[in-house]
Structures are given as C-alpha cells and as structure tokens.
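As stored in model.txt (compact mmCIF, C-alpha atoms):
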```txt
# COMPACT_ATOMS: atom_id res chain seq x y z
CA MET A 160 -21.04 85.62 -56.41
CA ALA A 161 -22.08 86.53 -59.94
CA SER A 162 -20.13 88.17 -62.74
CA ARG A 163 -20.95 91.75 -63.67
CA PRO A 164 -22.43 90.62 -67.01
CA LEU A 165 -24.79 88.28 -65.16
CA ALA A 166 -25.91 91.07 -62.83
CA ALA A 167 -26.53 93.27 -65.87
CA PHE A 168 -28.51 90.50 -67.56
CA GLY A 169 -30.67 90.14 -64.47
CA GLN A 170 -31.54 93.82 -64.69
CA ALA A 171 -32.20 93.50 -68.42
CA VAL A 172 -34.68 90.69 -67.81
CA LYS A 173 -36.72 93.16 -65.76
CA GLU A 174 -37.02 95.30 -68.91
CA VAL A 175 -38.62 92.35 -70.67
CA ARG A 176 -41.07 91.93 -67.80
CA ASP A 177 -41.92 95.63 -67.99
CA LEU A 178 -42.50 95.35 -71.73
CA GLN A 179 -44.80 92.39 -71.21
CA ARG A 180 -46.88 94.47 -68.82
CA ALA A 181 -47.58 96.84 -71.71
CA ASP A 182 -49.76 94.13 -73.25
CA PRO A 183 -53.38 95.25 -72.64
CA THR A 184 -54.62 91.65 -72.66
CA PRO A 185 -54.74 89.88 -69.26
CA VAL A 186 -52.54 86.78 -69.15
CA GLY A 187 -54.39 83.75 -70.51
CA ALA A 188 -57.33 85.76 -71.84
CA THR A 189 -58.46 86.28 -75.41
CA PRO A 190 -56.57 89.27 -76.88
CA ILE A 191 -58.61 92.46 -76.66
CA GLN A 192 -56.12 94.28 -78.87
CA PRO A 193 -54.62 91.46 -80.97
CA GLU A 194 -52.21 93.64 -82.94
CA THR A 195 -50.80 95.26 -79.79
CA THR A 196 -50.42 91.86 -78.13
CA ARG A 197 -48.64 90.56 -81.21
CA VAL A 198 -46.24 93.52 -81.33
CA VAL A 199 -45.46 93.23 -77.62
CA GLY A 200 -44.65 89.53 -78.04
CA ARG A 201 -42.38 90.12 -81.03
CA ALA A 202 -40.63 93.05 -79.34
CA SER A 203 -40.10 91.01 -76.17
CA VAL A 204 -38.38 88.26 -78.15
CA VAL A 205 -36.02 90.71 -79.84
CA LEU A 206 -35.23 92.51 -76.58
CA LEU A 207 -34.63 89.34 -74.59
CA SER A 208 -32.50 87.72 -77.29
CA SER A 209 -30.41 90.88 -77.65
CA HIS A 210 -29.75 90.99 -73.92
CA PHE A 211 -28.93 87.27 -73.90
CA GLU A 212 -26.43 87.74 -76.73
CA ARG A 213 -24.97 90.73 -74.91
CA TYR A 214 -24.39 88.56 -71.84
CA VAL A 215 -22.38 86.03 -73.85
CA TYR A 216 -20.16 88.72 -75.36
CA SER A 217 -19.79 90.56 -72.05
CA VAL A 218 -18.84 87.48 -70.03
CA ASN A 219 -16.30 86.60 -72.72
CA GLU A 220 -14.80 90.07 -72.31
CA GLU A 221 -14.81 89.63 -68.53
CA ALA A 222 -12.98 86.31 -68.89
CA ALA A 223 -10.32 87.80 -71.17
CA THR A 224 -9.88 90.78 -68.84
CA HIS A 225 -9.32 88.45 -65.90
CA ILE A 226 -6.79 86.40 -67.87
CA ASN A 227 -4.90 89.56 -68.85
CA ALA A 228 -4.91 91.00 -65.33
CA SER A 229 -3.54 87.71 -63.97
CA GLY A 230 -0.57 87.66 -66.35
CA VAL A 231 -1.30 84.14 -67.54
CA LEU A 232 1.40 82.67 -69.78
CA GLY A 233 0.23 82.06 -73.31
CA SER A 234 1.32 78.43 -73.15
CA ARG A 235 -1.12 77.85 -70.27
CA LEU A 236 -4.15 78.92 -72.27
CA PRO A 237 -6.30 76.28 -74.01
CA GLU A 238 -5.10 75.58 -77.54
CA VAL A 239 -8.49 76.51 -79.01
CA VAL A 240 -8.29 79.96 -77.40
CA ARG A 241 -4.84 80.49 -78.88
CA LEU A 242 -5.93 79.31 -82.32
CA LEU A 243 -9.00 81.55 -82.36
CA HIS A 244 -6.97 84.53 -81.24
CA SER A 245 -4.34 84.03 -83.95
CA ARG A 246 -6.71 83.10 -86.75
CA PRO A 247 -7.41 86.64 -88.12
CA THR A 248 -3.70 87.36 -88.49
CA VAL A 249 -2.98 83.97 -90.04
CA ASP A 250 -5.88 84.36 -92.46
CA GLY A 251 -4.46 87.74 -93.45
CA LEU A 252 -1.10 86.14 -94.17
CA LEU A 253 -2.68 83.53 -96.41
CA GLU A 254 -4.34 86.25 -98.48
CA THR A 255 -1.06 88.07 -99.05
CA GLY A 256 1.60 87.15 -101.60
CA TRP A 257 4.94 85.87 -100.27
CA GLU A 258 6.82 88.95 -101.42
CA ARG A 259 4.54 91.15 -99.27
CA ARG A 260 4.39 89.08 -96.10
CA THR A 261 7.31 90.58 -94.20
CA GLN A 262 5.28 93.16 -92.33
CA GLN A 263 2.48 90.71 -91.61
CA LEU A 264 4.93 88.17 -90.22
CA GLU A 265 6.55 90.79 -88.01
CA ALA A 266 3.12 91.88 -86.80
CA PHE A 267 2.15 88.27 -86.10
CA VAL A 268 5.26 87.65 -84.01
CA GLN A 269 4.75 90.86 -82.08
CA ALA A 270 1.03 90.42 -81.43
CA GLU A 271 0.65 86.63 -81.27
CA GLY A 272 4.12 85.30 -80.46
CA TRP A 273 3.42 85.17 -76.71
CA LEU A 274 0.68 82.62 -77.32
CA TRP A 275 3.05 80.18 -79.00
CA THR A 276 6.27 80.75 -77.05
CA ALA A 277 6.91 79.20 -73.65
CA GLY A 278 7.31 81.62 -70.77
CA MET A 279 5.66 84.63 -72.38
CA ALA A 280 2.55 86.55 -71.33
CA GLY A 281 0.50 89.05 -73.28
CA ALA A 282 -3.00 90.42 -73.69
CA LEU A 283 -6.01 88.65 -75.15
CA ASP A 284 -8.28 90.63 -77.44
CA HIS A 285 -11.70 89.36 -76.38
CA LYS A 286 -13.27 90.28 -79.72
CA ARG A 287 -11.11 87.74 -81.54
CA LEU A 288 -12.50 84.88 -79.50
CA LEU A 289 -16.03 85.40 -80.80
CA LEU A 290 -15.52 86.56 -84.39
CA TRP A 291 -16.97 83.27 -85.57
CA MET A 292 -20.24 83.53 -83.62
CA LYS A 293 -23.21 84.82 -85.64
CA ALA A 294 -25.83 84.12 -82.98
CA PRO A 295 -25.86 82.47 -79.52
CA THR A 296 -27.54 79.27 -80.66
CA PRO A 297 -27.18 76.25 -78.35
CA ALA A 298 -24.63 74.66 -80.70
CA ASN A 299 -22.56 77.84 -80.74
CA LEU A 300 -22.77 78.11 -76.95
CA VAL A 301 -21.40 74.57 -76.66
CA ARG A 302 -18.56 75.52 -78.99
CA TYR A 303 -17.73 78.69 -77.05
CA TYR A 304 -17.62 77.16 -73.57
CA ARG A 305 -15.60 74.23 -74.92
CA CYS A 306 -12.86 76.79 -75.64
CA TRP A 307 -12.44 77.14 -71.89
CA GLY A 308 -12.40 73.41 -71.21
CA ILE A 309 -16.12 72.78 -70.59
CA GLU A 310 -16.87 69.92 -72.96
CA ASN A 311 -20.64 70.48 -73.17
CA ILE A 312 -22.07 73.38 -71.22
CA PHE A 313 -25.61 71.98 -71.34
CA ASP A 314 -24.43 68.69 -69.85
CA ALA A 315 -22.49 70.61 -67.23
CA ILE A 316 -25.38 72.78 -66.02
CA THR A 317 -28.17 70.17 -66.02
CA ARG A 318 -28.67 66.75 -64.49
CA ALA A 319 -31.85 65.37 -66.04
CA ALA A 320 -32.02 64.70 -69.77
CA HIS A 321 -35.49 66.23 -70.11
CA THR A 322 -34.33 69.43 -68.39
CA ARG A 323 -31.34 69.61 -70.73
CA LYS A 324 -33.51 69.06 -73.80
CA ASP A 325 -36.04 71.69 -72.74
CA LEU A 326 -33.34 74.26 -72.02
CA TRP A 327 -31.72 73.63 -75.40
CA LEU A 328 -35.03 73.89 -77.27
CA LYS A 329 -36.15 77.08 -75.53
CA ILE A 330 -32.89 78.91 -76.19
CA ASP A 331 -32.84 77.68 -79.77
CA GLU A 332 -36.43 78.84 -80.27
CA LEU A 333 -35.69 82.25 -78.74
CA VAL A 334 -32.69 82.86 -81.01
CA ARG A 335 -34.43 81.47 -84.09
CA LYS A 336 -37.51 83.63 -83.56
CA ARG A 337 -35.39 86.70 -82.99
CA ASN A 338 -33.54 86.07 -86.25
CA ASN A 339 -36.81 85.55 -88.13
CA ILE A 340 -38.24 88.80 -86.77
CA ALA A 341 -35.03 90.70 -87.50
CA HIS A 342 -35.14 89.46 -91.10
CA GLY A 343 -38.67 90.71 -91.58
CA ASP A 344 -40.72 87.53 -91.17
CA PRO A 345 -44.22 88.82 -90.35
CA THR A 346 -45.54 85.42 -89.27
CA THR A 347 -43.24 84.90 -86.28
CA GLU A 348 -45.06 85.49 -83.00
CA ALA A 349 -44.63 84.77 -79.30
CA THR A 350 -47.32 84.49 -76.65
CA HIS A 351 -46.95 85.77 -73.11
CA ALA A 352 -46.30 82.17 -72.00
CA ASP A 353 -43.68 81.75 -74.73
CA VAL A 354 -41.79 84.85 -73.64
CA ARG A 355 -41.93 83.81 -69.99
CA SER A 356 -40.48 80.38 -70.84
CA TYR A 357 -37.71 81.96 -72.95
CA ARG A 358 -36.94 84.44 -70.21
CA ASP A 359 -36.74 81.77 -67.51
CA SER A 360 -34.61 79.49 -69.68
CA ALA A 361 -32.16 82.23 -70.68
CA LEU A 362 -31.78 83.33 -67.07
CA ARG A 363 -31.29 79.75 -65.88
CA PHE A 364 -28.64 79.14 -68.51
CA CYS A 365 -26.72 82.32 -67.70
CA GLU A 366 -26.82 81.80 -63.94
CA ARG A 367 -25.48 78.26 -64.18
CA ALA A 368 -23.00 78.81 -67.03
CA ASP A 369 -21.62 81.83 -65.15
CA LYS A 370 -20.53 79.60 -62.28
CA HIS A 371 -18.99 76.96 -64.52
CA LEU A 372 -16.99 79.50 -66.50
CA ALA A 373 -15.64 80.99 -63.29
CA SER A 374 -14.58 77.51 -62.16
CA ALA A 375 -12.90 76.84 -65.52
CA LEU A 376 -10.90 80.08 -65.36
CA ALA A 377 -9.60 79.57 -61.82
CA PRO A 378 -7.02 76.84 -62.69
CA LEU A 379 -5.65 78.93 -65.56
CA THR A 380 -4.78 81.82 -63.28
CA GLY A 381 -3.73 79.63 -60.37
CA GLY A 382 -5.97 81.58 -58.04
CA ALA A 383 -9.50 81.89 -56.80
CA ARG A 384 -12.56 82.04 -59.01
CA PRO A 385 -12.82 85.47 -60.70
CA TRP A 386 -16.45 85.81 -59.54
```

Starting from the file, lay out its structure as structure tokens.
Amino acid sequence: MASRPLAAFGQAVKEVRDLQRADPTPVGATPIQPETTRVVGRASVVLLSSHFERYVYSVNEEAATHINASGVLGSRLPEVVRLLHSRPTVDGLLETGWERRTQQLEAFVQAEGWLWTAGMAGALDHKRLLLWMKAPTPANLVRYYRCWGIENIFDAITRAAHTRKDLWLKIDELVRKRNNIAHGDPTTEATHADVRSYRDSALRFCERADKHLASALAPLTGGARPW
C-alpha cells in the first residue's frame, strides 16, 4: 500500500514522460531542433524536481495528519520533531524583550506545552517540521527522515554501496540542476537519458522511503502502518 502523496507523485512522473515526448528528436539521435530539445530537457528537470519536492512536503503533511488523528502524546514523539515544532515560537521569544514576553510565553504554553508535558496530546503543524528545508537535497532528506527515527534513509532503502551512491548523486544532480535553471543559469542542460535517470531515481527513492516512513510511524501510534 502506498501513501496518497506517492500515488500523486506516480501520476506526476507521467507528466514528465509526456513532456519528453514533445522533443522532436528521436531518442539517441542527433538533435534536429537543438533549441527545442534543450528547452524540453530544462523544463523536464524543473517539472520533475518540483513534483519530487512536492512529494516530500506532502508525505510530511500526511505523517503529521496521521499522528494528530491517532492522538499521540507529545512525550512519545521524537525529540527532534518536538524541537522543530517549537523552534519558531522559541525564536520569537528570543527576539522579544523580557518586559514584552508575557503574551509570547502564554502562547507558547498553549500551543507547544503538550509537546513538553507528560500525558498531553495536541496537534502537529506539519509546516513547522520543514521550515528549515530549502531544497530536497540528499543531505536534507537524510536530516528529515532522521526526525522520524530513520538514521540514514539512503542506507535504509539500499543494500549495495554503488546503488546508494548512484541514487544520492542522481537526486543531488536533479535538485542542483533545477536550482541552477531557476536562478537563470543558461548553461544548465539535461539530455533525454539524464531526465530518464533522474525520473527513475526519484521514483525509486519515493517508493522505498514511503514504506520506511510508514514503518517508523507505526510504533508511535501503537497501531498498524498508516499506509
């Protein structure tokens, strides 16, 4: 069983395939319309990376929703999750003078107290858990899944070292190229083979990480896997 974000990502990958078919050059042949081929490659990278990023944010929201619906006590959540959730409020307190902290302290207790008091449940705001993430680079993905108790998601979803290295490099290249294109770098390009390798790697990562996240959430709720 897959999460809804994974199912949506699978459909999104088909969009990338459709975009690739718009390239007038047969696969492996010399470009007959080089500029069109170049634009299709660049657009495919941006589209795929955007969908990949959307999966990460959506599955995080799905995880938080499941936690909330299960009434999990704050004290049962991983410490990193609690710290990330409380950080915006704490940072706001630090930026306010002592004489004006009364309201902020009251708001902190009301909104975040359940995370730091035994026997209390509340609601996670999924957005707070990913405020720090600028892009879904491999290093950031490791950091995110570690929040849920998965020490290294790339180690968890691969067996062979060469497979792990290739998966890391392809995702890193996809995100890096997307960022370069988004920032106006005219030299960044991607061939049909490049896009296919990025697409396959992103899909492989999501399919495998989806299962591991579900397994990590199950003990927290004391029930079955959420998907």

If we count only C-alpha atoms and set the cut-off at 12 Å, which residues sit around Lys336 of chain A, ignoring sequence neighbours fewer than 3 positions away in its own chain? Please answer as a tab-separated table (two decimals) with C-alpha atoms, in the coordinates of the input.
```tsv
chain	number	residue	atom	x	y	z
A	200	GLY	CA	-44.65	89.53	-78.04
A	201	ARG	CA	-42.38	90.12	-81.03
A	202	ALA	CA	-40.63	93.05	-79.34
A	203	SER	CA	-40.10	91.01	-76.17
A	204	VAL	CA	-38.38	88.26	-78.15
A	205	VAL	CA	-36.02	90.71	-79.84
A	206	LEU	CA	-35.23	92.51	-76.58
A	207	LEU	CA	-34.63	89.34	-74.59
A	208	SER	CA	-32.50	87.72	-77.29
A	209	SER	CA	-30.41	90.88	-77.65
A	294	ALA	CA	-25.83	84.12	-82.98
A	296	THR	CA	-27.54	79.27	-80.66
A	328	LEU	CA	-35.03	73.89	-77.27
A	329	LYS	CA	-36.15	77.08	-75.53
A	330	ILE	CA	-32.89	78.91	-76.19
A	331	ASP	CA	-32.84	77.68	-79.77
A	332	GLU	CA	-36.43	78.84	-80.27
A	333	LEU	CA	-35.69	82.25	-78.74
A	339	ASN	CA	-36.81	85.55	-88.13
A	340	ILE	CA	-38.24	88.80	-86.77
A	341	ALA	CA	-35.03	90.70	-87.50
A	342	HIS	CA	-35.14	89.46	-91.10
A	343	GLY	CA	-38.67	90.71	-91.58
A	344	ASP	CA	-40.72	87.53	-91.17
A	345	PRO	CA	-44.22	88.82	-90.35
A	346	THR	CA	-45.54	85.42	-89.27
A	347	THR	CA	-43.24	84.90	-86.28
A	348	GLU	CA	-45.06	85.49	-83.00
A	349	ALA	CA	-44.63	84.77	-79.30
A	353	ASP	CA	-43.68	81.75	-74.73
A	354	VAL	CA	-41.79	84.85	-73.64
A	357	TYR	CA	-37.71	81.96	-72.95
```

Spatial neighbours of Leu326 of chain A, max dist 10 Å, all atoms listed in the file, sep filter under 2 positions, as a PDB file with C-alpha atoms, in the frame of the given file:
```
ATOM      1  CA  PRO A 297     -27.180  76.250 -78.350  1.00  0.00           C
ATOM      2  CA  PHE A 313     -25.610  71.980 -71.340  1.00  0.00           C
ATOM      3  CA  THR A 317     -28.170  70.170 -66.020  1.00  0.00           C
ATOM      4  CA  ALA A 320     -32.020  64.700 -69.770  1.00  0.00           C
ATOM      5  CA  HIS A 321     -35.490  66.230 -70.110  1.00  0.00           C
ATOM      6  CA  THR A 322     -34.330  69.430 -68.390  1.00  0.00           C
ATOM      7  CA  ARG A 323     -31.340  69.610 -70.730  1.00  0.00           C
ATOM      8  CA  LYS A 324     -33.510  69.060 -73.800  1.00  0.00           C
ATOM      9  CA  LEU A 328     -35.030  73.890 -77.270  1.00  0.00           C
ATOM     10  CA  LYS A 329     -36.150  77.080 -75.530  1.00  0.00           C
ATOM     11  CA  ILE A 330     -32.890  78.910 -76.190  1.00  0.00           C
ATOM     12  CA  ASP A 331     -32.840  77.680 -79.770  1.00  0.00           C
ATOM     13  CA  GLU A 332     -36.430  78.840 -80.270  1.00  0.00           C
ATOM     14  CA  SER A 356     -40.480  80.380 -70.840  1.00  0.00           C
ATOM     15  CA  TYR A 357     -37.710  81.960 -72.950  1.00  0.00           C
ATOM     16  CA  ASP A 359     -36.740  81.770 -67.510  1.00  0.00           C
ATOM     17  CA  SER A 360     -34.610  79.490 -69.680  1.00  0.00           C
ATOM     18  CA  ALA A 361     -32.160  82.230 -70.680  1.00  0.00           C
ATOM     19  CA  ARG A 363     -31.290  79.750 -65.880  1.00  0.00           C
ATOM     20  CA  PHE A 364     -28.640  79.140 -68.510  1.00  0.00           C
TER      21      PHE A 364
END
```

Open item on the list: So the first atom is atom CA of Ser229 of chain A and the second is atom CA of Arg287 of chain A; what is the distance between them in Å, to one decimal place?
Closed with: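 Going from atom CA of Ser229 of chain A over to atom CA of Arg287 of chain A covers 19.1 Å.
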
Open item on the list: For a quick check of understanding, using only C-alpha atoms, which of A:Asn219, A:Ser234, A:Asn299, A:Asn311 has the smallest distance to Asp284 of chain A?
Closed with: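 Closest residue, counting only C-alpha atoms: A:Asn219.
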
- [ ] Fewer than 5 positions away in the same chain doesn't count, so skip those; otherwise give me all residues within 12 Å of Gly169 of chain A, counting all atoms listed in the file, as number ranges by chain.
- [x] A: 161-164, 174-176, 207, 210-211, 213-214, 358-359, 361-366

May I have the residues from that selection written out with C-alpha atoms, as a PDB file, keeping the file's coordinate frame?
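Output (selection.pdb):
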```pdb
ATOM      1  CA  ALA A 161     -22.080  86.530 -59.940  1.00  0.00           C
ATOM      2  CA  SER A 162     -20.130  88.170 -62.740  1.00  0.00           C
ATOM      3  CA  ARG A 163     -20.950  91.750 -63.670  1.00  0.00           C
ATOM      4  CA  PRO A 164     -22.430  90.620 -67.010  1.00  0.00           C
ATOM      5  CA  GLU A 174     -37.020  95.300 -68.910  1.00  0.00           C
ATOM      6  CA  VAL A 175     -38.620  92.350 -70.670  1.00  0.00           C
ATOM      7  CA  ARG A 176     -41.070  91.930 -67.800  1.00  0.00           C
ATOM      8  CA  LEU A 207     -34.630  89.340 -74.590  1.00  0.00           C
ATOM      9  CA  HIS A 210     -29.750  90.990 -73.920  1.00  0.00           C
ATOM     10  CA  PHE A 211     -28.930  87.270 -73.900  1.00  0.00           C
ATOM     11  CA  ARG A 213     -24.970  90.730 -74.910  1.00  0.00           C
ATOM     12  CA  TYR A 214     -24.390  88.560 -71.840  1.00  0.00           C
ATOM     13  CA  ARG A 358     -36.940  84.440 -70.210  1.00  0.00           C
ATOM     14  CA  ASP A 359     -36.740  81.770 -67.510  1.00  0.00           C
ATOM     15  CA  ALA A 361     -32.160  82.230 -70.680  1.00  0.00           C
ATOM     16  CA  LEU A 362     -31.780  83.330 -67.070  1.00  0.00           C
ATOM     17  CA  ARG A 363     -31.290  79.750 -65.880  1.00  0.00           C
ATOM     18  CA  PHE A 364     -28.640  79.140 -68.510  1.00  0.00           C
ATOM     19  CA  CYS A 365     -26.720  82.320 -67.700  1.00  0.00           C
ATOM     20  CA  GLU A 366     -26.820  81.800 -63.940  1.00  0.00           C
TER      21      GLU A 366
END
```

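All polymer residues at most 10 Å from (-2.4, 87.9, -69.3), using only C-alpha atoms, appear as A:Ala223, A:Thr224, A:His225, A:Ile226, A:Asn227, A:Ala228, A:Ser229, A:Gly230, A:Val231, A:Leu232, A:Gly233, A:Leu236, A:Trp273, A:Met279, A:Ala280, A:Gly281, A:Ala282, A:Leu283, A:Thr380.
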
Open item on the list: Can you tell me which residues surround segment 260-267 of chain A at a distance of at most 12 Å, considering only C-alpha atoms, apart from same-chain residues fewer than 5 positions away, and format the answer as number ranges by chain?
Closed with: A: 244-255, 272-275

Writer output for current selection, C-alpha atoms, as a PDB file, keeping the file's coordinate frame:
```pdb
ATOM      1  CA  HIS A 244      -6.970  84.530 -81.240  1.00  0.00           C
ATOM      2  CA  SER A 245      -4.340  84.030 -83.950  1.00  0.00           C
ATOM      3  CA  ARG A 246      -6.710  83.100 -86.750  1.00  0.00           C
ATOM      4  CA  PRO A 247      -7.410  86.640 -88.120  1.00  0.00           C
ATOM      5  CA  THR A 248      -3.700  87.360 -88.490  1.00  0.00           C
ATOM      6  CA  VAL A 249      -2.980  83.970 -90.040  1.00  0.00           C
ATOM      7  CA  ASP A 250      -5.880  84.360 -92.460  1.00  0.00           C
ATOM      8  CA  GLY A 251      -4.460  87.740 -93.450  1.00  0.00           C
ATOM      9  CA  LEU A 252      -1.100  86.140 -94.170  1.00  0.00           C
ATOM     10  CA  LEU A 253      -2.680  83.530 -96.410  1.00  0.00           C
ATOM     11  CA  GLU A 254      -4.340  86.250 -98.480  1.00  0.00           C
ATOM     12  CA  THR A 255      -1.060  88.070 -99.050  1.00  0.00           C
ATOM     13  CA  GLY A 272       4.120  85.300 -80.460  1.00  0.00           C
ATOM     14  CA  TRP A 273       3.420  85.170 -76.710  1.00  0.00           C
ATOM     15  CA  LEU A 274       0.680  82.620 -77.320  1.00  0.00           C
ATOM     16  CA  TRP A 275       3.050  80.180 -79.000  1.00  0.00           C
TER      17      TRP A 275
END
```

- [ ] Would you mind telling me which residue in A:Leu372, A:His285, A:Asn338, A:Glu258 lies nearest to Glu310 of chain A when using only C-alpha atoms?
- [x]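 Counting only C-alpha atoms, the residue closest to Glu310 of chain A is A:Leu372.
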
TODO: Report the distance between atom CA of Ser374 of chain A and atom CA of Val240 of chain A in Å, rounded to one decimal place.
DONE: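 These two atoms are separated by 16.7 Å.
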
- [ ] Have a look at atom CA of Pro183 of chain A and atom CA of Ala352 of chain A and let me know their distance in Å, one decimal.
- [x]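 Separation between atom CA of Pro183 of chain A and atom CA of Ala352 of chain A: 14.9 Å.
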
- [ ] Give the answer as one residue: which of A:Val301, A:Ala188, A:Ala373, A:Leu288 has the shortest atom-to-atom distance to Leu242 of chain A, using only C-alpha atoms?
- [x]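 Once distances to Leu242 of chain A are computed over only C-alpha atoms, the minimum belongs to A:Leu288.
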
Box centre and edge lengths (Å, one decimal), axis-aligned, segment 287-292 of chain A plus 3 Å each side, as lines of an AutoDock Vina configuration file:
```
center_x = -15.7
center_y = 85.5
center_z = -82.5
size_x = 15.1
size_y = 10.5
size_z = 12.1
```

Task: Residue nearest Tyr216 of chain A among A:Val186, A:Ala270, A:Ala181, A:Leu290 (counting only C-alpha atoms) - done: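 Looking at the shortest contact to Tyr216 of chain A, the residue is A:Leu290.
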